[in-house]
Amino acid sequence: MKKREASFQTIFNQYLRVKKLYGHFESKQTTGNSISFNAVKQHQVDGLMSGSLSPFVWKYSDEDQREKPFDCSCIPPIQGYVVIKYPGIFYIIRVQDFIIESRRSERKSLTSDRAKEICHIAVSL
């Protein structure tokens with residue numbers, strides 16, 4: 001994870017705890033007014049969709065030296081989201097809506113204005 005995304009991830013994690021928004025999330029950040037649809041890799045889209053449609057099972061690595069709360073998780077199907085931080089704001093977009101937009105758009109990128117139109121939640125910073 002890039003350092004700028006790591007910084008935003010900390011803020012976003014706090015937001016999730018306060019708002020109690022549950023789901024699977026892929027976070028991206030841009031310093032401009034648009035972000036390439038390709039910034040969200042196909043395996044990330046596939047993972048978000050998979051977790052939306054069927055249980056998600058994850059074994060936590062024994063290689064990680066940090067103390068783990070448990071060995072694995074099994075999470076029921078739950079909504080997947082693409083989170084995009086633009087300067088001063090972030091948008092939480094359902095993965096299904098992100099996919100539709102990426103296929104229908106004449107552009108190769110998602111502008112902040114269009115993200116605002118298709119988002120589930122918009123949060124000003």
# chains A, B, ... in the order shown; residues from 1 in each chain; ligands from 1

$ select_by_dssp --residues "chain A" --states "strand (DSSP E or B)" --output "PDB file with N, CA, C and O atoms, in the first residue's frame"
ATOM      1  N   HIS A  24     -17.033  -5.241   2.395  1.00  0.00           N
ATOM      2  CA  HIS A  24     -15.668  -5.439   1.909  1.00  0.00           C
ATOM      3  C   HIS A  24     -15.313  -4.177   1.132  1.00  0.00           C
ATOM      4  O   HIS A  24     -16.136  -3.680   0.348  1.00  0.00           O
ATOM      5  N   PHE A  25     -14.100  -3.655   1.325  1.00  0.00           N
ATOM      6  CA  PHE A  25     -13.732  -2.366   0.763  1.00  0.00           C
ATOM      7  C   PHE A  25     -12.382  -2.423   0.061  1.00  0.00           C
ATOM      8  O   PHE A  25     -11.442  -3.017   0.583  1.00  0.00           O
ATOM      9  N   GLU A  26     -12.307  -1.796  -1.092  1.00  0.00           N
ATOM     10  CA  GLU A  26     -11.041  -1.561  -1.781  1.00  0.00           C
ATOM     11  C   GLU A  26     -10.884  -0.055  -1.896  1.00  0.00           C
ATOM     12  O   GLU A  26     -11.732   0.613  -2.497  1.00  0.00           O
ATOM     13  N   SER A  27      -9.810   0.483  -1.298  1.00  0.00           N
ATOM     14  CA  SER A  27      -9.594   1.928  -1.258  1.00  0.00           C
ATOM     15  C   SER A  27      -8.560   2.353  -2.294  1.00  0.00           C
ATOM     16  O   SER A  27      -7.524   1.711  -2.450  1.00  0.00           O
ATOM     17  N   LYS A  28      -8.871   3.464  -2.942  1.00  0.00           N
ATOM     18  CA  LYS A  28      -7.960   4.083  -3.900  1.00  0.00           C
ATOM     19  C   LYS A  28      -7.921   5.577  -3.607  1.00  0.00           C
ATOM     20  O   LYS A  28      -8.855   6.131  -3.030  1.00  0.00           O
ATOM     21  N   GLN A  29      -6.852   6.207  -4.034  1.00  0.00           N
ATOM     22  CA  GLN A  29      -6.700   7.629  -3.794  1.00  0.00           C
ATOM     23  C   GLN A  29      -6.086   8.292  -5.005  1.00  0.00           C
ATOM     24  O   GLN A  29      -5.232   7.710  -5.672  1.00  0.00           O
ATOM     25  N   SER A  34      -9.731  12.946 -11.270  1.00  0.00           N
ATOM     26  CA  SER A  34     -10.189  11.692 -11.866  1.00  0.00           C
ATOM     27  C   SER A  34      -9.206  10.578 -11.514  1.00  0.00           C
ATOM     28  O   SER A  34      -8.073  10.830 -11.120  1.00  0.00           O
ATOM     29  N   ILE A  35      -9.707   9.358 -11.672  1.00  0.00           N
ATOM     30  CA  ILE A  35      -8.875   8.185 -11.419  1.00  0.00           C
ATOM     31  C   ILE A  35      -9.202   7.142 -12.482  1.00  0.00           C
ATOM     32  O   ILE A  35     -10.379   6.952 -12.845  1.00  0.00           O
ATOM     33  N   SER A  36      -8.192   6.496 -13.001  1.00  0.00           N
ATOM     34  CA  SER A  36      -8.384   5.477 -14.029  1.00  0.00           C
ATOM     35  C   SER A  36      -9.203   4.316 -13.469  1.00  0.00           C
ATOM     36  O   SER A  36      -8.992   3.884 -12.334  1.00  0.00           O
ATOM     37  N   PHE A  56     -17.162 -15.468   2.599  1.00  0.00           N
ATOM     38  CA  PHE A  56     -15.749 -15.182   2.418  1.00  0.00           C
ATOM     39  C   PHE A  56     -14.989 -15.822   3.575  1.00  0.00           C
ATOM     40  O   PHE A  56     -15.246 -15.521   4.746  1.00  0.00           O
ATOM     41  N   VAL A  57     -14.082 -16.728   3.241  1.00  0.00           N
ATOM     42  CA  VAL A  57     -13.280 -17.418   4.254  1.00  0.00           C
ATOM     43  C   VAL A  57     -11.836 -16.978   4.100  1.00  0.00           C
ATOM     44  O   VAL A  57     -11.295 -16.981   2.986  1.00  0.00           O
ATOM     45  N   TRP A  58     -11.212 -16.589   5.214  1.00  0.00           N
ATOM     46  CA  TRP A  58      -9.826 -16.115   5.168  1.00  0.00           C
ATOM     47  C   TRP A  58      -9.051 -16.699   6.335  1.00  0.00           C
ATOM     48  O   TRP A  58      -9.460 -16.584   7.482  1.00  0.00           O
ATOM     49  N   LYS A  59      -7.942 -17.343   6.024  1.00  0.00           N
ATOM     50  CA  LYS A  59      -7.015 -17.875   7.025  1.00  0.00           C
ATOM     51  C   LYS A  59      -5.936 -16.833   7.249  1.00  0.00           C
ATOM     52  O   LYS A  59      -5.275 -16.414   6.311  1.00  0.00           O
ATOM     53  N   CYS A  72      -8.899 -17.793  11.714  1.00  0.00           N
ATOM     54  CA  CYS A  72      -9.546 -17.548  10.435  1.00  0.00           C
ATOM     55  C   CYS A  72     -10.893 -16.872  10.644  1.00  0.00           C
ATOM     56  O   CYS A  72     -11.394 -16.796  11.767  1.00  0.00           O
ATOM     57  N   SER A  73     -11.455 -16.408   9.538  1.00  0.00           N
ATOM     58  CA  SER A  73     -12.781 -15.790   9.553  1.00  0.00           C
ATOM     59  C   SER A  73     -13.619 -16.398   8.444  1.00  0.00           C
ATOM     60  O   SER A  73     -13.096 -16.746   7.383  1.00  0.00           O
ATOM     61  N   CYS A  74     -14.910 -16.489   8.691  1.00  0.00           N
ATOM     62  CA  CYS A  74     -15.886 -16.842   7.666  1.00  0.00           C
ATOM     63  C   CYS A  74     -16.998 -15.803   7.780  1.00  0.00           C
ATOM     64  O   CYS A  74     -17.693 -15.735   8.780  1.00  0.00           O
ATOM     65  N   ILE A  75     -17.112 -14.973   6.756  1.00  0.00           N
ATOM     66  CA  ILE A  75     -18.034 -13.854   6.775  1.00  0.00           C
ATOM     67  C   ILE A  75     -19.144 -14.127   5.767  1.00  0.00           C
ATOM     68  O   ILE A  75     -18.859 -14.490   4.616  1.00  0.00           O
ATOM     69  N   GLY A  80     -19.840  -5.325  -1.315  1.00  0.00           N
ATOM     70  CA  GLY A  80     -18.486  -4.883  -1.616  1.00  0.00           C
ATOM     71  C   GLY A  80     -18.517  -3.460  -2.149  1.00  0.00           C
ATOM     72  O   GLY A  80     -19.452  -3.073  -2.860  1.00  0.00           O
ATOM     73  N   TYR A  81     -17.484  -2.680  -1.794  1.00  0.00           N
ATOM     74  CA  TYR A  81     -17.432  -1.268  -2.188  1.00  0.00           C
ATOM     75  C   TYR A  81     -16.051  -0.896  -2.715  1.00  0.00           C
ATOM     76  O   TYR A  81     -15.044  -1.398  -2.229  1.00  0.00           O
ATOM     77  N   VAL A  82     -16.046   0.022  -3.667  1.00  0.00           N
ATOM     78  CA  VAL A  82     -14.830   0.696  -4.090  1.00  0.00           C
ATOM     79  C   VAL A  82     -14.889   2.077  -3.436  1.00  0.00           C
ATOM     80  O   VAL A  82     -15.883   2.793  -3.569  1.00  0.00           O
ATOM     81  N   VAL A  83     -13.839   2.414  -2.704  1.00  0.00           N
ATOM     82  CA  VAL A  83     -13.767   3.703  -2.022  1.00  0.00           C
ATOM     83  C   VAL A  83     -12.701   4.526  -2.731  1.00  0.00           C
ATOM     84  O   VAL A  83     -11.562   4.079  -2.862  1.00  0.00           O
ATOM     85  N   ILE A  84     -13.083   5.705  -3.185  1.00  0.00           N
ATOM     86  CA  ILE A  84     -12.133   6.556  -3.893  1.00  0.00           C
ATOM     87  C   ILE A  84     -12.035   7.893  -3.179  1.00  0.00           C
ATOM     88  O   ILE A  84     -13.047   8.583  -2.997  1.00  0.00           O
ATOM     89  N   LYS A  85     -10.806   8.221  -2.795  1.00  0.00           N
ATOM     90  CA  LYS A  85     -10.556   9.514  -2.162  1.00  0.00           C
ATOM     91  C   LYS A  85     -10.009  10.468  -3.217  1.00  0.00           C
ATOM     92  O   LYS A  85      -8.981  10.220  -3.819  1.00  0.00           O
ATOM     93  N   TYR A  86     -10.760  11.527  -3.421  1.00  0.00           N
ATOM     94  CA  TYR A  86     -10.332  12.656  -4.232  1.00  0.00           C
ATOM     95  C   TYR A  86      -9.925  13.756  -3.251  1.00  0.00           C
ATOM     96  O   TYR A  86     -10.225  13.658  -2.053  1.00  0.00           O
ATOM     97  N   ILE A  89     -12.559  14.937  -0.369  1.00  0.00           N
ATOM     98  CA  ILE A  89     -13.783  14.140  -0.294  1.00  0.00           C
ATOM     99  C   ILE A  89     -13.483  12.689  -0.638  1.00  0.00           C
ATOM    100  O   ILE A  89     -12.521  12.397  -1.340  1.00  0.00           O
ATOM    101  N   PHE A  90     -14.297  11.768  -0.097  1.00  0.00           N
ATOM    102  CA  PHE A  90     -14.214  10.401  -0.598  1.00  0.00           C
ATOM    103  C   PHE A  90     -15.614   9.872  -0.848  1.00  0.00           C
ATOM    104  O   PHE A  90     -16.588  10.305  -0.237  1.00  0.00           O
ATOM    105  N   TYR A  91     -15.685   8.967  -1.818  1.00  0.00           N
ATOM    106  CA  TYR A  91     -16.946   8.376  -2.239  1.00  0.00           C
ATOM    107  C   TYR A  91     -16.891   6.869  -2.017  1.00  0.00           C
ATOM    108  O   TYR A  91     -15.898   6.224  -2.355  1.00  0.00           O
ATOM    109  N   ILE A  92     -17.967   6.333  -1.482  1.00  0.00           N
ATOM    110  CA  ILE A  92     -18.110   4.895  -1.282  1.00  0.00           C
ATOM    111  C   ILE A  92     -19.101   4.415  -2.338  1.00  0.00           C
ATOM    112  O   ILE A  92     -20.275   4.806  -2.315  1.00  0.00           O
ATOM    113  N   ILE A  93     -18.617   3.592  -3.259  1.00  0.00           N
ATOM    114  CA  ILE A  93     -19.386   3.174  -4.426  1.00  0.00           C
ATOM    115  C   ILE A  93     -19.582   1.659  -4.384  1.00  0.00           C
ATOM    116  O   ILE A  93     -18.610   0.907  -4.215  1.00  0.00           O
ATOM    117  N   ARG A  94     -20.811   1.208  -4.521  1.00  0.00           N
ATOM    118  CA  ARG A  94     -21.062  -0.236  -4.585  1.00  0.00           C
ATOM    119  C   ARG A  94     -20.285  -0.811  -5.765  1.00  0.00           C
ATOM    120  O   ARG A  94     -20.262  -0.232  -6.847  1.00  0.00           O
ATOM    121  N   SER A 109     -11.597   6.924 -17.218  1.00  0.00           N
ATOM    122  CA  SER A 109     -11.407   7.284 -15.817  1.00  0.00           C
ATOM    123  C   SER A 109     -12.727   7.744 -15.213  1.00  0.00           C
ATOM    124  O   SER A 109     -13.672   8.092 -15.927  1.00  0.00           O
ATOM    125  N   LEU A 110     -12.757   7.738 -13.892  1.00  0.00           N
ATOM    126  CA  LEU A 110     -13.935   8.163 -13.139  1.00  0.00           C
ATOM    127  C   LEU A 110     -13.647   9.529 -12.530  1.00  0.00           C
ATOM    128  O   LEU A 110     -12.733   9.662 -11.703  1.00  0.00           O
ATOM    129  N   THR A 111     -14.408  10.529 -12.955  1.00  0.00           N
ATOM    130  CA  THR A 111     -14.216  11.871 -12.407  1.00  0.00           C
ATOM    131  C   THR A 111     -14.892  11.977 -11.047  1.00  0.00           C
ATOM    132  O   THR A 111     -15.810  11.205 -10.724  1.00  0.00           O
ATOM    133  N   ILE A 121     -22.375   6.625  -0.691  1.00  0.00           N
ATOM    134  CA  ILE A 121     -22.125   7.600   0.371  1.00  0.00           C
ATOM    135  C   ILE A 121     -20.999   8.532  -0.080  1.00  0.00           C
ATOM    136  O   ILE A 121     -20.001   8.070  -0.639  1.00  0.00           O
ATOM    137  N   ALA A 122     -21.165   9.829   0.201  1.00  0.00           N
ATOM    138  CA  ALA A 122     -20.115  10.824  -0.027  1.00  0.00           C
ATOM    139  C   ALA A 122     -19.748  11.427   1.318  1.00  0.00           C
ATOM    140  O   ALA A 122     -20.621  11.768   2.106  1.00  0.00           O
ATOM    141  N   VAL A 123     -18.433  11.552   1.574  1.00  0.00           N
ATOM    142  CA  VAL A 123     -17.972  12.102   2.846  1.00  0.00           C
ATOM    143  C   VAL A 123     -16.951  13.196   2.578  1.00  0.00           C
ATOM    144  O   VAL A 123     -15.884  12.937   2.013  1.00  0.00           O
ATOM    145  N   SER A 124     -17.289  14.422   2.972  1.00  0.00           N
ATOM    146  CA  SER A 124     -16.351  15.538   2.854  1.00  0.00           C
ATOM    147  C   SER A 124     -15.340  15.466   3.979  1.00  0.00           C
ATOM    148  O   SER A 124     -15.679  15.137   5.112  1.00  0.00           O
TER     149      SER A 124
END

$ select_by_dssp --residues "chain A" --states "alpha helix (DSSP H)" --output "ChimeraX atom specification"
/A:3-19,42-53,95-104,112-118

$ residues_around --residues "Ser50 of chain A" --least-positions-apart "4" --cutoff "10 Å" --atoms "only C-alpha atoms" --output "VMD selection string"
chain A and resid 44 to 46 54 to 56 77 to 80

$ write_last_selection --atoms "all heavy atoms" --output "PDB file, in the first residue's frame"
ATOM      1  N   GLN A  44      -9.237  -7.451  -7.729  1.00  0.00           N
ATOM      2  CA  GLN A  44      -9.897  -6.748  -6.624  1.00  0.00           C
ATOM      3  C   GLN A  44     -11.405  -6.661  -6.870  1.00  0.00           C
ATOM      4  O   GLN A  44     -12.199  -6.907  -5.961  1.00  0.00           O
ATOM      5  CB  GLN A  44      -9.281  -5.351  -6.454  1.00  0.00           C
ATOM      6  CG  GLN A  44      -7.825  -5.421  -6.030  1.00  0.00           C
ATOM      7  CD  GLN A  44      -7.096  -4.104  -6.126  1.00  0.00           C
ATOM      8  OE1 GLN A  44      -7.373  -3.284  -7.013  1.00  0.00           O
ATOM      9  NE2 GLN A  44      -6.158  -3.884  -5.220  1.00  0.00           N
ATOM     10  N   VAL A  45     -11.796  -6.354  -8.103  1.00  0.00           N
ATOM     11  CA  VAL A  45     -13.216  -6.346  -8.463  1.00  0.00           C
ATOM     12  C   VAL A  45     -13.802  -7.739  -8.260  1.00  0.00           C
ATOM     13  O   VAL A  45     -14.882  -7.900  -7.676  1.00  0.00           O
ATOM     14  CB  VAL A  45     -13.405  -5.871  -9.924  1.00  0.00           C
ATOM     15  CG1 VAL A  45     -14.844  -6.082 -10.394  1.00  0.00           C
ATOM     16  CG2 VAL A  45     -13.007  -4.415 -10.068  1.00  0.00           C
ATOM     17  N   ASP A  46     -13.082  -8.757  -8.725  1.00  0.00           N
ATOM     18  CA  ASP A  46     -13.555 -10.147  -8.570  1.00  0.00           C
ATOM     19  C   ASP A  46     -13.729 -10.501  -7.098  1.00  0.00           C
ATOM     20  O   ASP A  46     -14.715 -11.138  -6.717  1.00  0.00           O
ATOM     21  CB  ASP A  46     -12.581 -11.121  -9.229  1.00  0.00           C
ATOM     22  CG  ASP A  46     -12.513 -10.993 -10.742  1.00  0.00           C
ATOM     23  OD1 ASP A  46     -13.413 -10.351 -11.338  1.00  0.00           O
ATOM     24  OD2 ASP A  46     -11.546 -11.524 -11.326  1.00  0.00           O
ATOM     25  N   SER A  54     -21.101 -14.770  -1.978  1.00  0.00           N
ATOM     26  CA  SER A  54     -20.929 -16.024  -1.241  1.00  0.00           C
ATOM     27  C   SER A  54     -20.083 -15.769   0.004  1.00  0.00           C
ATOM     28  O   SER A  54     -19.429 -14.731   0.114  1.00  0.00           O
ATOM     29  CB  SER A  54     -20.271 -17.077  -2.131  1.00  0.00           C
ATOM     30  OG  SER A  54     -18.989 -16.646  -2.538  1.00  0.00           O
ATOM     31  N   PRO A  55     -20.093 -16.703   0.944  1.00  0.00           N
ATOM     32  CA  PRO A  55     -19.287 -16.502   2.155  1.00  0.00           C
ATOM     33  C   PRO A  55     -17.811 -16.297   1.808  1.00  0.00           C
ATOM     34  O   PRO A  55     -17.290 -16.882   0.860  1.00  0.00           O
ATOM     35  CB  PRO A  55     -19.482 -17.798   2.940  1.00  0.00           C
ATOM     36  CG  PRO A  55     -20.773 -18.349   2.437  1.00  0.00           C
ATOM     37  CD  PRO A  55     -20.836 -17.958   0.990  1.00  0.00           C
ATOM     38  N   PHE A  56     -17.162 -15.468   2.599  1.00  0.00           N
ATOM     39  CA  PHE A  56     -15.749 -15.182   2.418  1.00  0.00           C
ATOM     40  C   PHE A  56     -14.989 -15.822   3.575  1.00  0.00           C
ATOM     41  O   PHE A  56     -15.246 -15.521   4.746  1.00  0.00           O
ATOM     42  CB  PHE A  56     -15.523 -13.668   2.407  1.00  0.00           C
ATOM     43  CG  PHE A  56     -14.075 -13.277   2.278  1.00  0.00           C
ATOM     44  CD1 PHE A  56     -13.412 -13.404   1.071  1.00  0.00           C
ATOM     45  CD2 PHE A  56     -13.380 -12.789   3.373  1.00  0.00           C
ATOM     46  CE1 PHE A  56     -12.078 -13.043   0.948  1.00  0.00           C
ATOM     47  CE2 PHE A  56     -12.052 -12.430   3.259  1.00  0.00           C
ATOM     48  CZ  PHE A  56     -11.396 -12.549   2.051  1.00  0.00           C
ATOM     49  N   PRO A  77     -22.109 -13.463   2.964  1.00  0.00           N
ATOM     50  CA  PRO A  77     -22.093 -12.513   1.857  1.00  0.00           C
ATOM     51  C   PRO A  77     -22.477 -11.115   2.355  1.00  0.00           C
ATOM     52  O   PRO A  77     -23.433 -10.958   3.119  1.00  0.00           O
ATOM     53  CB  PRO A  77     -23.149 -13.053   0.890  1.00  0.00           C
ATOM     54  CG  PRO A  77     -23.232 -14.506   1.206  1.00  0.00           C
ATOM     55  CD  PRO A  77     -22.966 -14.616   2.686  1.00  0.00           C
ATOM     56  N   ILE A  78     -21.685 -10.128   1.962  1.00  0.00           N
ATOM     57  CA  ILE A  78     -21.902  -8.752   2.391  1.00  0.00           C
ATOM     58  C   ILE A  78     -21.428  -7.835   1.264  1.00  0.00           C
ATOM     59  O   ILE A  78     -20.528  -8.194   0.512  1.00  0.00           O
ATOM     60  CB  ILE A  78     -21.165  -8.496   3.729  1.00  0.00           C
ATOM     61  CG1 ILE A  78     -21.587  -7.184   4.352  1.00  0.00           C
ATOM     62  CG2 ILE A  78     -19.677  -8.590   3.582  1.00  0.00           C
ATOM     63  CD1 ILE A  78     -21.128  -7.026   5.803  1.00  0.00           C
ATOM     64  N   GLN A  79     -22.045  -6.684   1.153  1.00  0.00           N
ATOM     65  CA  GLN A  79     -21.789  -5.759   0.045  1.00  0.00           C
ATOM     66  C   GLN A  79     -20.301  -5.416  -0.083  1.00  0.00           C
ATOM     67  O   GLN A  79     -19.623  -5.221   0.912  1.00  0.00           O
ATOM     68  CB  GLN A  79     -22.597  -4.467   0.256  1.00  0.00           C
ATOM     69  CG  GLN A  79     -22.446  -3.447  -0.850  1.00  0.00           C
ATOM     70  CD  GLN A  79     -22.958  -3.935  -2.187  1.00  0.00           C
ATOM     71  OE1 GLN A  79     -24.090  -4.360  -2.325  1.00  0.00           O
ATOM     72  NE2 GLN A  79     -22.108  -3.891  -3.192  1.00  0.00           N
ATOM     73  N   GLY A  80     -19.840  -5.325  -1.315  1.00  0.00           N
ATOM     74  CA  GLY A  80     -18.486  -4.883  -1.616  1.00  0.00           C
ATOM     75  C   GLY A  80     -18.517  -3.460  -2.149  1.00  0.00           C
ATOM     76  O   GLY A  80     -19.452  -3.073  -2.860  1.00  0.00           O
TER      77      GLY A  80
END

$ atom_distance --atom1 "atom CA of Lys41 of chain A" --atom2 "atom CA of Lys108 of chain A"
13.6 Å

$ closest_residue --among "A:Ile99, A:Leu16, A:Leu21, A:Cys119" --to "Asn38 of chain A" --atoms "only C-alpha atoms"
A:Ile99

$ atom_distance --atom1 "atom CA of Lys68 of chain A" --atom2 "atom CA of Thr10 of chain A"
19.3 Å

$ closest_residue --among "A:Gly32, A:Ala39, A:Gly88, A:Gly23" --to "Leu53 of chain A" --atoms "only C-alpha atoms"
A:Gly23

$ atom_distance --atom1 "atom CA of Lys116 of chain A" --atom2 "atom CA of Pro76 of chain A"
28.6 Å
